[in-house]
Amino acid sequence: MNPHFLLNTLNTVKWSAIRHGNEDITNITLSLGKLLEASLNTEKDLVHLKDEIELVQAYVHIQQVRYNHRFDVTFAYDEDILYALVPKLCLQPLVENAILHGIGPLPEQEGLIEITVTREGPSRLAVEIRDNGVGMEQSRQAGGMRKRPGIGLSNVQELLRLLFKEEGSMEIISSGRGTRIRFSIPLLISTPYQNDHLISS
């Protein structure tokens with residue numbers, strides 16, 4: 001099926017929801033549309049950190065509705081790295097893993113996912129996704145992992161390898177108190193033009 005047909009159909013649902021004043025459906029379709037548009041755009045391998053964060057926020061909004069707001073997601077980053085370049089859709093698979101395999105199996109307690117992006121020295125960018133879920137081993141034992149466990153992790157690792165060769169690295173630490181995934185890439189700032197002047201970074 002043509003993915004553009006799906007996007008157009010989604011826009012139809014969105015405008016119908018707007019006409020009927022259904023704010024929940026409107027917001028979900030807006031979030032899903034943003035993710036679908038990003039996945040259809042194959043021209044860019046790297047995007048600004050600010051755009052990647054917006055995509056994750058769209059994905060999180062959909063999942064929070066699905067999970068009845070059983071978890072929170074926090075973001076921490078410095079303003080001067082908002083225009084750092086990161087692989088497109090590198091955060092969403094890691095957040096998805098945290099929700100499905102870490103937060104999802106938790107009992108009724110609320111989950112927390114923390115996303116932190118920082119400079120690592122003068123020339124590196126460090127990205128960390130930490131959750132307070134059950135951990136990979138318990139999720140695997142409970143049958144929560146797919147037959148091909150960690151496929152989202154593998155995809156991101158392969159993406160880092162293809163884009164940055166040996167300059168990209170990933171570290172995974174998991175226990176019964178949660179999972180921490182951290183990857184490091186070269187710091188590349190690409191500041192856009194605005195009103196014919198560069199935004200300071």
# chains A, B, ... in the order shown; residues from 1 in each chain; ligands from 1

$ closest_atom_pairs --of "stretch 56-126 of chain A" --to "stretch 158-170 of chain A" --cutoff "10 Å" --atoms "only C-alpha atoms" --output "JSON lines"
{"residue": "A:Val86", "atom": "CA", "partner": "A:Leu160", "partner_atom": "CA", "distance": 9.5}
{"residue": "A:Pro87", "atom": "CA", "partner": "A:Leu159", "partner_atom": "CA", "distance": 7.4}
{"residue": "A:Lys88", "atom": "CA", "partner": "A:Leu159", "partner_atom": "CA", "distance": 9.3}
{"residue": "A:Leu89", "atom": "CA", "partner": "A:Leu159", "partner_atom": "CA", "distance": 9.8}
{"residue": "A:Cys90", "atom": "CA", "partner": "A:Leu159", "partner_atom": "CA", "distance": 8.0}
{"residue": "A:Arg124", "atom": "CA", "partner": "A:Glu167", "partner_atom": "CA", "distance": 9.4}
{"residue": "A:Leu125", "atom": "CA", "partner": "A:Gly168", "partner_atom": "CA", "distance": 9.9}
{"residue": "A:Ala126", "atom": "CA", "partner": "A:Ser169", "partner_atom": "CA", "distance": 9.7}

$ select_by_dssp --residues "chain A" --states "helix (DSSP H, G or I)" --output "JSON, numbers by chain"
{"A": [3, 4, 5, 6, 7, 8, 9, 10, 11, 12, 13, 14, 15, 16, 17, 18, 19, 23, 24, 25, 26, 27, 28, 29, 30, 31, 32, 33, 34, 35, 36, 37, 38, 39, 40, 49, 50, 51, 52, 53, 54, 55, 56, 57, 58, 59, 60, 61, 62, 63, 64, 65, 66, 79, 80, 81, 92, 93, 94, 95, 96, 97, 98, 99, 100, 101, 102, 103, 136, 137, 138, 139, 140, 141, 151, 152, 153, 154, 155, 156, 157, 158, 159, 160, 161, 162, 163, 164, 165, 166, 167]}

$ select_by_dssp --residues "chain A" --states "strand (DSSP E)" --output "ChimeraX atom specification"
/A:46-48,71-77,85-87,111-119,124-131,169-175,178-186,193-194,197-198

$ residues_around --residues "A:Leu94" --least-positions-apart "3" --cutoff "8 Å" --atoms "only C-alpha atoms" --output "PyMOL selection string"
chain A and resi 90-91+97-98+129+152-153+181

$ closest_residue --among "A:Ser154, A:Ser139, A:Gln92, A:Ser123" --to "A:Asp51" --atoms "only C-alpha atoms"
A:Gln92

$ closest_residue --among "A:Val117, A:Glu52, A:Asn11, A:Asn41" --to "A:Ile25" --atoms "only C-alpha atoms"
A:Asn11

$ residues_around --residues "A:Ser175" --least-positions-apart "6" --cutoff "10 Å" --atoms "only C-alpha atoms" --output "mmCIF file with C-alpha atoms, in the first residue's frame"
data_model
loop_
_atom_site.group_PDB
_atom_site.id
_atom_site.type_symbol
_atom_site.label_atom_id
_atom_site.label_comp_id
_atom_site.auth_asym_id
_atom_site.auth_seq_id
_atom_site.Cartn_x
_atom_site.Cartn_y
_atom_site.Cartn_z
ATOM 1 C CA ASN A 132 13.391 2.367 35.863
ATOM 2 C CA GLY A 133 11.823 -0.753 34.379
ATOM 3 C CA VAL A 134 12.283 -4.449 35.097
ATOM 4 C CA GLY A 135 15.520 -4.809 33.127
ATOM 5 C CA MET A 136 16.312 -6.881 30.055
ATOM 6 C CA GLU A 137 16.854 -10.218 31.776
ATOM 7 C CA GLN A 138 13.561 -10.212 33.678
#

$ closest_residue --among "A:Ile103, A:Val95, A:Leu85, A:Ile172" --to "A:Pro186" --atoms "only C-alpha atoms"
A:Leu85

$ residues_around --residues "stretch 63-80 of chain A" --least-positions-apart "5" --cutoff "7 Å" --atoms "only C-alpha atoms" --output "PyMOL selection string"
chain A and resi 110-118+201

$ write_last_selection --atoms "N, CA and C atoms" --output "PDB file, in the first residue's frame"
ATOM      1  N   GLU A 110       4.262   3.736  38.564  1.00  0.00           N
ATOM      2  CA  GLU A 110       4.564   4.569  37.408  1.00  0.00           C
ATOM      3  C   GLU A 110       6.004   4.373  36.975  1.00  0.00           C
ATOM      4  N   GLY A 111       6.213   4.400  35.658  1.00  0.00           N
ATOM      5  CA  GLY A 111       7.552   4.271  35.109  1.00  0.00           C
ATOM      6  C   GLY A 111       8.133   5.632  34.777  1.00  0.00           C
ATOM      7  N   LEU A 112       9.440   5.646  34.589  1.00  0.00           N
ATOM      8  CA  LEU A 112      10.129   6.882  34.238  1.00  0.00           C
ATOM      9  C   LEU A 112      11.216   6.579  33.220  1.00  0.00           C
ATOM     10  N   ILE A 113      11.231   7.360  32.164  1.00  0.00           N
ATOM     11  CA  ILE A 113      12.287   7.280  31.153  1.00  0.00           C
ATOM     12  C   ILE A 113      12.955   8.645  31.097  1.00  0.00           C
ATOM     13  N   GLU A 114      14.271   8.664  31.260  1.00  0.00           N
ATOM     14  CA  GLU A 114      15.032   9.909  31.234  1.00  0.00           C
ATOM     15  C   GLU A 114      15.938   9.933  30.007  1.00  0.00           C
ATOM     16  N   ILE A 115      15.804  10.981  29.217  1.00  0.00           N
ATOM     17  CA  ILE A 115      16.628  11.151  28.017  1.00  0.00           C
ATOM     18  C   ILE A 115      17.534  12.350  28.248  1.00  0.00           C
ATOM     19  N   THR A 116      18.831  12.120  28.192  1.00  0.00           N
ATOM     20  CA  THR A 116      19.810  13.167  28.461  1.00  0.00           C
ATOM     21  C   THR A 116      20.790  13.253  27.301  1.00  0.00           C
ATOM     22  N   VAL A 117      21.031  14.469  26.816  1.00  0.00           N
ATOM     23  CA  VAL A 117      21.994  14.694  25.730  1.00  0.00           C
ATOM     24  C   VAL A 117      22.978  15.765  26.192  1.00  0.00           C
ATOM     25  N   THR A 118      24.266  15.445  26.132  1.00  0.00           N
ATOM     26  CA  THR A 118      25.278  16.373  26.631  1.00  0.00           C
ATOM     27  C   THR A 118      26.497  16.377  25.712  1.00  0.00           C
ATOM     28  N   SER A 201      25.202  29.423  18.173  1.00  0.00           N
ATOM     29  CA  SER A 201      25.117  28.109  18.780  1.00  0.00           C
ATOM     30  C   SER A 201      26.172  27.962  19.846  1.00  0.00           C
TER      31      SER A 201
END

$ closest_residue --among "A:Leu106, A:Ala84, A:Leu100, A:Ile185" --to "A:Val127" --atoms "only C-alpha atoms"
A:Ile185

$ atom_distance --atom1 "atom CA of A:His61" --atom2 "atom CA of A:Thr42"
23.8 Å
